[in-house]
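Colleague: Structure supplied as final-v3.tsv; contents: TSV, N, CA and C atoms.
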chain	number	residue	atom	x	y	z
A	1	VAL	N	-7.97	9.29	11.04
A	1	VAL	CA	-8.61	8.68	9.89
A	1	VAL	C	-7.72	7.57	9.37
A	2	SER	N	-8.30	6.47	9.04
A	2	SER	CA	-7.56	5.33	8.49
A	2	SER	C	-8.03	5.09	7.06
A	3	THR	N	-7.09	4.85	6.16
A	3	THR	CA	-7.48	4.49	4.80
A	3	THR	C	-7.21	3.01	4.59
A	4	GLN	N	-8.11	2.38	3.90
A	4	GLN	CA	-7.94	0.99	3.48
A	4	GLN	C	-7.72	1.05	1.99
A	5	SER	N	-6.60	0.56	1.52
A	5	SER	CA	-6.32	0.65	0.09
A	5	SER	C	-5.89	-0.70	-0.47
A	6	THR	N	-6.29	-0.93	-1.69
A	6	THR	CA	-5.94	-2.16	-2.40
A	6	THR	C	-6.15	-1.91	-3.88
A	7	GLY	N	-5.53	-2.72	-4.69
A	7	GLY	CA	-5.75	-2.63	-6.14
A	7	GLY	C	-7.08	-3.24	-6.54
A	8	ASN	N	-7.65	-4.07	-5.67
A	8	ASN	CA	-8.92	-4.74	-5.94
A	8	ASN	C	-10.02	-4.01	-5.18
A	9	GLU	N	-10.84	-3.26	-5.92
A	9	GLU	CA	-11.85	-2.42	-5.26
A	9	GLU	C	-12.84	-3.22	-4.43
A	10	GLU	N	-13.28	-4.37	-4.93
A	10	GLU	CA	-14.24	-5.18	-4.19
A	10	GLU	C	-13.68	-5.63	-2.84
A	11	ARG	N	-12.43	-6.11	-2.85
A	11	ARG	CA	-11.80	-6.52	-1.58
A	11	ARG	C	-11.64	-5.33	-0.64
A	12	GLY	N	-11.30	-4.17	-1.19
A	12	GLY	CA	-11.16	-2.98	-0.37
A	12	GLY	C	-12.46	-2.56	0.28
A	13	ARG	N	-13.52	-2.57	-0.51
A	13	ARG	CA	-14.85	-2.21	0.03
A	13	ARG	C	-15.28	-3.22	1.09
A	14	ASN	N	-15.02	-4.51	0.86
A	14	ASN	CA	-15.35	-5.53	1.86
A	14	ASN	C	-14.57	-5.33	3.15
A	15	ALA	N	-13.30	-4.96	3.03
A	15	ALA	CA	-12.49	-4.69	4.22
A	15	ALA	C	-13.03	-3.49	4.99
A	16	VAL	N	-13.44	-2.45	4.28
A	16	VAL	CA	-14.02	-1.27	4.93
A	16	VAL	C	-15.29	-1.67	5.68
A	17	THR	N	-16.14	-2.47	5.06
A	17	THR	CA	-17.37	-2.92	5.71
A	17	THR	C	-17.06	-3.70	6.99
A	18	ALA	N	-16.07	-4.58	6.92
A	18	ALA	CA	-15.69	-5.36	8.10
A	18	ALA	C	-15.15	-4.46	9.20
A	19	LEU	N	-14.34	-3.47	8.83
A	19	LEU	CA	-13.80	-2.54	9.83
A	19	LEU	C	-14.90	-1.66	10.43
A	20	GLU	N	-15.86	-1.26	9.61
A	20	GLU	CA	-16.99	-0.47	10.11
A	20	GLU	C	-17.81	-1.29	11.12
A	21	ALA	N	-17.93	-2.59	10.89
A	21	ALA	CA	-18.66	-3.46	11.82
A	21	ALA	C	-17.96	-3.52	13.18
A	22	GLU	N	-16.66	-3.21	13.19
A	22	GLU	CA	-15.89	-3.17	14.44
A	22	GLU	C	-15.94	-1.79	15.09
A	23	GLY	N	-16.70	-0.87	14.49
A	23	GLY	CA	-16.84	0.47	15.05
A	23	GLY	C	-15.84	1.48	14.52
A	24	LEU	N	-15.04	1.09	13.55
A	24	LEU	CA	-14.05	2.00	12.96
A	24	LEU	C	-14.66	2.73	11.77
A	25	LYS	N	-13.99	3.79	11.34
A	25	LYS	CA	-14.49	4.59	10.23
A	25	LYS	C	-13.39	4.79	9.17
A	26	PRO	N	-12.98	3.71	8.51
A	26	PRO	CA	-11.93	3.83	7.49
A	26	PRO	C	-12.46	4.47	6.21
A	27	VAL	N	-11.55	4.98	5.42
A	27	VAL	CA	-11.86	5.55	4.11
A	27	VAL	C	-11.17	4.67	3.07
A	28	PHE	N	-11.88	4.30	2.01
A	28	PHE	CA	-11.28	3.46	0.98
A	28	PHE	C	-10.66	4.33	-0.11
A	29	GLU	N	-9.44	4.01	-0.49
A	29	GLU	CA	-8.76	4.61	-1.64
A	29	GLU	C	-8.10	3.48	-2.42
A	30	GLN	N	-8.35	3.44	-3.71
A	30	GLN	CA	-7.75	2.39	-4.53
A	30	GLN	C	-6.27	2.67	-4.73
A	31	LEU	N	-5.45	1.60	-4.65
A	31	LEU	CA	-4.01	1.73	-4.81
A	31	LEU	C	-3.44	0.44	-5.35
A	32	ASP	N	-2.78	0.51	-6.48
A	32	ASP	CA	-2.03	-0.62	-7.04
A	32	ASP	C	-0.56	-0.28	-6.89
A	33	VAL	N	0.14	-0.97	-5.99
A	33	VAL	CA	1.52	-0.61	-5.66
A	33	VAL	C	2.50	-0.84	-6.80
A	34	VAL	N	2.08	-1.52	-7.86
A	34	VAL	CA	2.95	-1.77	-9.00
A	34	VAL	C	2.81	-0.65	-10.05
A	35	SER	N	1.79	0.18	-9.91
A	35	SER	CA	1.51	1.23	-10.89
A	35	SER	C	1.94	2.60	-10.36
A	36	LYS	N	2.89	3.24	-11.05
A	36	LYS	CA	3.34	4.59	-10.66
A	36	LYS	C	2.17	5.56	-10.68
A	37	GLU	N	1.31	5.46	-11.70
A	37	GLU	CA	0.16	6.35	-11.80
A	37	GLU	C	-0.78	6.17	-10.60
A	38	SER	N	-1.02	4.93	-10.21
A	38	SER	CA	-1.88	4.67	-9.06
A	38	SER	C	-1.26	5.21	-7.78
A	39	ILE	N	0.05	5.04	-7.61
A	39	ILE	CA	0.75	5.56	-6.42
A	39	ILE	C	0.66	7.08	-6.39
A	40	ASP	N	0.89	7.73	-7.54
A	40	ASP	CA	0.81	9.19	-7.61
A	40	ASP	C	-0.60	9.68	-7.28
A	41	ASN	N	-1.63	9.02	-7.84
A	41	ASN	CA	-3.02	9.40	-7.58
A	41	ASN	C	-3.37	9.22	-6.11
A	42	PHE	N	-2.93	8.10	-5.53
A	42	PHE	CA	-3.19	7.84	-4.11
A	42	PHE	C	-2.57	8.92	-3.24
A	43	ALA	N	-1.31	9.24	-3.49
A	43	ALA	CA	-0.62	10.26	-2.69
A	43	ALA	C	-1.30	11.62	-2.81
A	44	ALA	N	-1.72	11.96	-4.04
A	44	ALA	CA	-2.39	13.25	-4.25
A	44	ALA	C	-3.72	13.30	-3.49
A	45	LYS	N	-4.49	12.21	-3.53
A	45	LYS	CA	-5.77	12.17	-2.82
A	45	LYS	C	-5.57	12.27	-1.31
A	46	ILE	N	-4.55	11.57	-0.80
A	46	ILE	CA	-4.27	11.61	0.64
A	46	ILE	C	-3.87	13.02	1.06
A	47	LYS	N	-3.03	13.66	0.25
A	47	LYS	CA	-2.62	15.03	0.58
A	47	LYS	C	-3.82	15.97	0.54
A	48	GLU	N	-4.66	15.83	-0.48
A	48	GLU	CA	-5.82	16.71	-0.62
A	48	GLU	C	-6.82	16.51	0.52
A	49	LYS	N	-7.12	15.26	0.86
A	49	LYS	CA	-8.14	14.98	1.87
A	49	LYS	C	-7.65	15.17	3.30
A	50	PHE	N	-6.37	14.80	3.55
A	50	PHE	CA	-5.90	14.74	4.93
A	50	PHE	C	-4.64	15.56	5.21
A	51	GLY	N	-4.03	16.12	4.17
A	51	GLY	CA	-2.81	16.90	4.36
A	51	GLY	C	-1.54	16.06	4.39
A	52	GLY	N	-1.67	14.76	4.41
A	52	GLY	CA	-0.50	13.88	4.44
A	52	GLY	C	-0.77	12.67	5.30
A	53	ILE	N	0.29	11.92	5.54
A	53	ILE	CA	0.19	10.68	6.32
A	53	ILE	C	1.06	10.80	7.56
A	54	ASP	N	0.50	10.45	8.69
A	54	ASP	CA	1.27	10.40	9.94
A	54	ASP	C	1.80	9.00	10.21
A	55	ILE	N	1.01	8.00	9.86
A	55	ILE	CA	1.42	6.61	10.04
A	55	ILE	C	1.15	5.88	8.73
A	56	LEU	N	2.16	5.18	8.23
A	56	LEU	CA	2.01	4.40	7.02
A	56	LEU	C	2.21	2.93	7.37
A	57	CYS	N	1.16	2.15	7.24
A	57	CYS	CA	1.22	0.70	7.49
A	57	CYS	C	1.10	0.02	6.14
A	58	ASN	N	2.15	-0.60	5.70
A	58	ASN	CA	2.19	-1.16	4.36
A	58	ASN	C	2.35	-2.66	4.44
A	59	ASN	N	1.33	-3.39	4.03
A	59	ASN	CA	1.43	-4.85	4.05
A	59	ASN	C	1.07	-5.47	2.70
A	60	ALA	N	1.33	-4.73	1.62
A	60	ALA	CA	1.08	-5.27	0.29
A	60	ALA	C	2.02	-6.45	0.04
A	61	GLY	N	1.51	-7.45	-0.63
A	61	GLY	CA	2.37	-8.58	-0.95
A	61	GLY	C	1.63	-9.66	-1.72
A	62	ILE	N	2.36	-10.39	-2.51
A	62	ILE	CA	1.82	-11.52	-3.26
A	62	ILE	C	2.76	-12.70	-3.15
A	63	ALA	N	2.24	-13.86	-3.47
A	63	ALA	CA	3.04	-15.09	-3.54
A	63	ALA	C	2.38	-15.99	-4.58
A	64	TYR	N	3.12	-16.95	-5.05
A	64	TYR	CA	2.60	-17.89	-6.05
A	64	TYR	C	2.75	-19.31	-5.54
A	65	ASN	N	1.83	-20.16	-5.98
A	65	ASN	CA	1.92	-21.59	-5.68
A	65	ASN	C	2.96	-22.23	-6.59
A	66	TYR	N	3.48	-23.33	-6.14
A	66	TYR	CA	4.48	-24.04	-6.95
A	66	TYR	C	3.90	-24.51	-8.27
A	67	ASP	N	2.61	-24.81	-8.31
A	67	ASP	CA	2.01	-25.33	-9.54
A	67	ASP	C	1.51	-24.24	-10.48
A	68	ASP	N	1.79	-22.99	-10.18
A	68	ASP	CA	1.39	-21.90	-11.05
A	68	ASP	C	2.09	-22.03	-12.41
A	69	THR	N	1.44	-21.57	-13.48
A	69	THR	CA	1.98	-21.75	-14.83
A	69	THR	C	3.05	-20.73	-15.21
A	70	LEU	N	3.24	-19.69	-14.41
A	70	LEU	CA	4.27	-18.71	-14.73
A	70	LEU	C	5.66	-19.31	-14.52
A	71	SER	N	6.61	-18.83	-15.30
A	71	SER	CA	7.98	-19.29	-15.11
A	71	SER	C	8.53	-18.72	-13.80
A	72	LEU	N	9.60	-19.31	-13.32
A	72	LEU	CA	10.24	-18.83	-12.09
A	72	LEU	C	10.65	-17.37	-12.22
A	73	VAL	N	11.17	-16.99	-13.38
A	73	VAL	CA	11.60	-15.60	-13.61
A	73	VAL	C	10.40	-14.66	-13.57
A	74	GLU	N	9.30	-15.04	-14.21
A	74	GLU	CA	8.09	-14.20	-14.20
A	74	GLU	C	7.56	-14.04	-12.78
A	75	LYS	N	7.54	-15.12	-12.03
A	75	LYS	CA	7.08	-15.05	-10.63
A	75	LYS	C	7.98	-14.12	-9.82
A	76	ALA	N	9.29	-14.28	-9.98
A	76	ALA	CA	10.24	-13.45	-9.23
A	76	ALA	C	10.07	-11.98	-9.57
A	77	GLU	N	9.89	-11.67	-10.85
A	77	GLU	CA	9.71	-10.27	-11.26
A	77	GLU	C	8.45	-9.67	-10.65
A	78	LEU	N	7.33	-10.41	-10.70
A	78	LEU	CA	6.08	-9.89	-10.14
A	78	LEU	C	6.12	-9.78	-8.62
A	79	ILE	N	6.73	-10.77	-7.98
A	79	ILE	CA	6.84	-10.73	-6.52
A	79	ILE	C	7.70	-9.55	-6.09
A	80	CYS	N	8.84	-9.35	-6.74
A	80	CYS	CA	9.72	-8.22	-6.38
A	80	CYS	C	9.06	-6.88	-6.70
A	81	ALA	N	8.35	-6.81	-7.84
A	81	ALA	CA	7.68	-5.56	-8.21
A	81	ALA	C	6.64	-5.17	-7.16
A	82	THR	N	5.94	-6.15	-6.61
A	82	THR	CA	4.90	-5.88	-5.61
A	82	THR	C	5.46	-5.79	-4.20
A	83	ASN	N	6.12	-6.86	-3.77
A	83	ASN	CA	6.52	-6.98	-2.37
A	83	ASN	C	7.69	-6.08	-1.98
A	84	LEU	N	8.52	-5.75	-2.93
A	84	LEU	CA	9.70	-4.94	-2.61
A	84	LEU	C	9.58	-3.54	-3.21
A	85	PHE	N	9.66	-3.44	-4.52
A	85	PHE	CA	9.70	-2.12	-5.15
A	85	PHE	C	8.39	-1.35	-5.00
A	86	GLY	N	7.26	-2.05	-5.07
A	86	GLY	CA	5.97	-1.36	-4.90
A	86	GLY	C	5.85	-0.71	-3.54
A	87	THR	N	6.22	-1.44	-2.49
A	87	THR	CA	6.10	-0.87	-1.15
A	87	THR	C	7.13	0.24	-0.93
A	88	ILE	N	8.31	0.11	-1.52
A	88	ILE	CA	9.30	1.18	-1.44
A	88	ILE	C	8.77	2.43	-2.12
A	89	ASN	N	8.19	2.28	-3.31
A	89	ASN	CA	7.68	3.43	-4.06
A	89	ASN	C	6.53	4.12	-3.34
A	90	VAL	N	5.62	3.34	-2.75
A	90	VAL	CA	4.51	3.93	-1.99
A	90	VAL	C	5.06	4.69	-0.79
A	91	THR	N	6.01	4.11	-0.09
A	91	THR	CA	6.59	4.76	1.08
A	91	THR	C	7.30	6.05	0.69
A	92	GLU	N	8.15	5.99	-0.33
A	92	GLU	CA	8.88	7.19	-0.76
A	92	GLU	C	7.93	8.31	-1.18
A	93	LYS	N	6.91	7.99	-1.94
A	93	LYS	CA	5.98	9.01	-2.42
A	93	LYS	C	5.21	9.64	-1.26
A	94	ASN	N	4.79	8.84	-0.31
A	94	ASN	CA	3.99	9.36	0.78
A	94	ASN	C	4.83	10.01	1.86
A	95	VAL	N	6.06	9.57	2.06
A	95	VAL	CA	6.95	10.27	2.99
A	95	VAL	C	7.29	11.64	2.42
A	96	ALA	N	7.51	11.72	1.11
A	96	ALA	CA	7.77	13.02	0.48
A	96	ALA	C	6.57	13.93	0.68
A	97	ARG	N	5.37	13.42	0.53
A	97	ARG	CA	4.16	14.22	0.76
A	97	ARG	C	4.11	14.68	2.20
A	98	HIS	N	4.45	13.80	3.11
A	98	HIS	CA	4.43	14.14	4.53
A	98	HIS	C	5.39	15.28	4.83
A	99	GLU	N	6.59	15.24	4.25
A	99	GLU	CA	7.58	16.27	4.51
A	99	GLU	C	7.16	17.62	3.95
A	100	THR	N	6.31	17.65	2.90
A	100	THR	CA	5.90	18.92	2.31
A	100	THR	C	4.82	19.62	3.14
A	101	ARG	N	4.42	19.02	4.23
A	101	ARG	CA	3.43	19.67	5.09
A	101	ARG	C	4.04	20.84	5.85
A	102	GLY	N	5.34	21.03	5.71
A	102	GLY	CA	5.99	22.18	6.33
A	102	GLY	C	6.43	21.94	7.75
A	103	GLN	N	6.39	20.73	8.18
A	103	GLN	CA	6.81	20.46	9.55
A	103	GLN	C	7.37	19.04	9.64
A	104	TYR	N	8.26	18.86	10.57
A	104	TYR	CA	8.76	17.52	10.85
A	104	TYR	C	8.08	17.06	12.12
A	105	LEU	N	7.44	15.91	12.04
A	105	LEU	CA	6.75	15.38	13.20
A	105	LEU	C	7.56	14.24	13.78
A	106	PRO	N	8.32	14.48	14.84
A	106	PRO	CA	9.09	13.39	15.43
A	106	PRO	C	8.16	12.28	15.89
A	107	GLY	N	8.64	11.07	15.74
A	107	GLY	CA	7.84	9.93	16.16
A	107	GLY	C	6.94	9.40	15.06
A	108	GLY	N	7.06	9.92	13.84
A	108	GLY	CA	6.31	9.36	12.73
A	108	GLY	C	6.63	7.89	12.57
A	109	PHE	N	5.76	7.15	11.96
A	109	PHE	CA	5.91	5.71	11.97
A	109	PHE	C	5.60	5.11	10.62
A	110	ILE	N	6.49	4.27	10.12
A	110	ILE	CA	6.26	3.50	8.90
A	110	ILE	C	6.41	2.04	9.28
A	111	TRP	N	5.40	1.25	8.98
A	111	TRP	CA	5.43	-0.17	9.30
A	111	TRP	C	5.31	-0.96	8.03
A	112	ARG	N	6.22	-1.88	7.81
A	112	ARG	CA	6.20	-2.75	6.64
A	112	ARG	C	6.10	-4.18	7.11
A	113	LYS	N	5.01	-4.83	6.79
A	113	LYS	CA	4.84	-6.23	7.14
A	113	LYS	C	5.42	-7.05	5.99
A	114	ALA	N	6.55	-7.66	6.21
A	114	ALA	CA	7.23	-8.42	5.16
A	114	ALA	C	6.72	-9.85	5.11
A	115	SER	N	6.68	-10.37	3.90
A	115	SER	CA	6.36	-11.79	3.76
A	115	SER	C	7.56	-12.61	4.21
A	116	ARG	N	7.37	-13.89	4.34
A	116	ARG	CA	8.50	-14.74	4.72
A	116	ARG	C	9.59	-14.70	3.67
A	117	LEU	N	9.21	-14.39	2.43
A	117	LEU	CA	10.19	-14.33	1.34
A	117	LEU	C	11.24	-13.25	1.61
A	118	PHE	N	10.82	-12.11	2.17
A	118	PHE	CA	11.75	-10.98	2.36
A	118	PHE	C	12.10	-10.75	3.81
A	119	SER	N	11.67	-11.60	4.73
A	119	SER	CA	11.98	-11.35	6.13
A	119	SER	C	13.24	-12.06	6.56
Write out the structure in this file as structure tokens.

Modeller:
Amino acid sequence: VSTQSTGNEERGRNAVTALEAEGLKPVFEQLDVVSKESIDNFAAKIKEKFGGIDILCNNAGIAYNYDDTLSLVEKAELICATNLFGTINVTEKNVARHETRGQYLPGGFIWRKASRLFS
């Protein structure tokens, strides 16, 4: 089972529809990687529905245009909160859930697609 998650429900539902058109059967779960409450809710739903995560593919990320009205500090804070700390928090919460399944599964996989900013 694959979950498609995003903080934007409309984009998530559209992604699920596109994946279904390819013959896949993803499940949508809303997730805002900047929100601890959203991360906790996501992890709880995944544990309840599937028992945990075997593969975590995390490609959350944002960027800003140079002409954006936010200050450089505001942009840096939001980018780091999403692209760095958000993905770390999602990974830590879901790896902890995975370990509570009572077994260690060798070969588990976590994939983080980094933006050019952090690569």

Colleague: Work out how far atom C of A:Glu77 is from atom C of A:Lys45, in Å to one decimal.

Modeller: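 Computed distance, atom C of A:Lys45 to atom C of A:Glu77, equals 27.7 Å.
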
Colleague: For the atom pair atom CA of A:Arg11 and atom CA of A:Leu31, what is the interatomic distance in Å to one decimal place?

Modeller: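 Between these atoms lies a distance of 11.8 Å.
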
Colleague: Which residue, A:Leu24, A:Lys93, A:Asn58, A:Ala76, has the smallest gap to A:Ile39 when you use all atoms listed in the file?

Modeller: A:Lys93

Colleague: Given the choices A:Asn89, A:Thr6, A:Asn94, A:Thr17, which gets closest to A:Lys36 if the distance is worked out from all atoms listed in the file?

Modeller: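 Closest to A:Lys36 of all the choices is A:Asn89.
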
Colleague: Measure the distance from atom CA of A:Ala18 to atom N of A:Ala60 in Å and round it to one decimal.

Modeller: 18.2 Å

Colleague: Could you give me, as a PyMOL selection string, the residues within 6 Å of A:Thr82, counting all atoms listed in the file and dropping anything in the same chain fewer than 3 positions from it?

Modeller: chain A and resi 33-34+60-62+77-79+85-87

Colleague: Choose the residue, out of A:Ser35, A:Asn59, A:Thr69, A:Asn41, that has the smallest atom-to-atom separation from A:Ala81; count only C-alpha atoms.

Modeller: A:Ser35
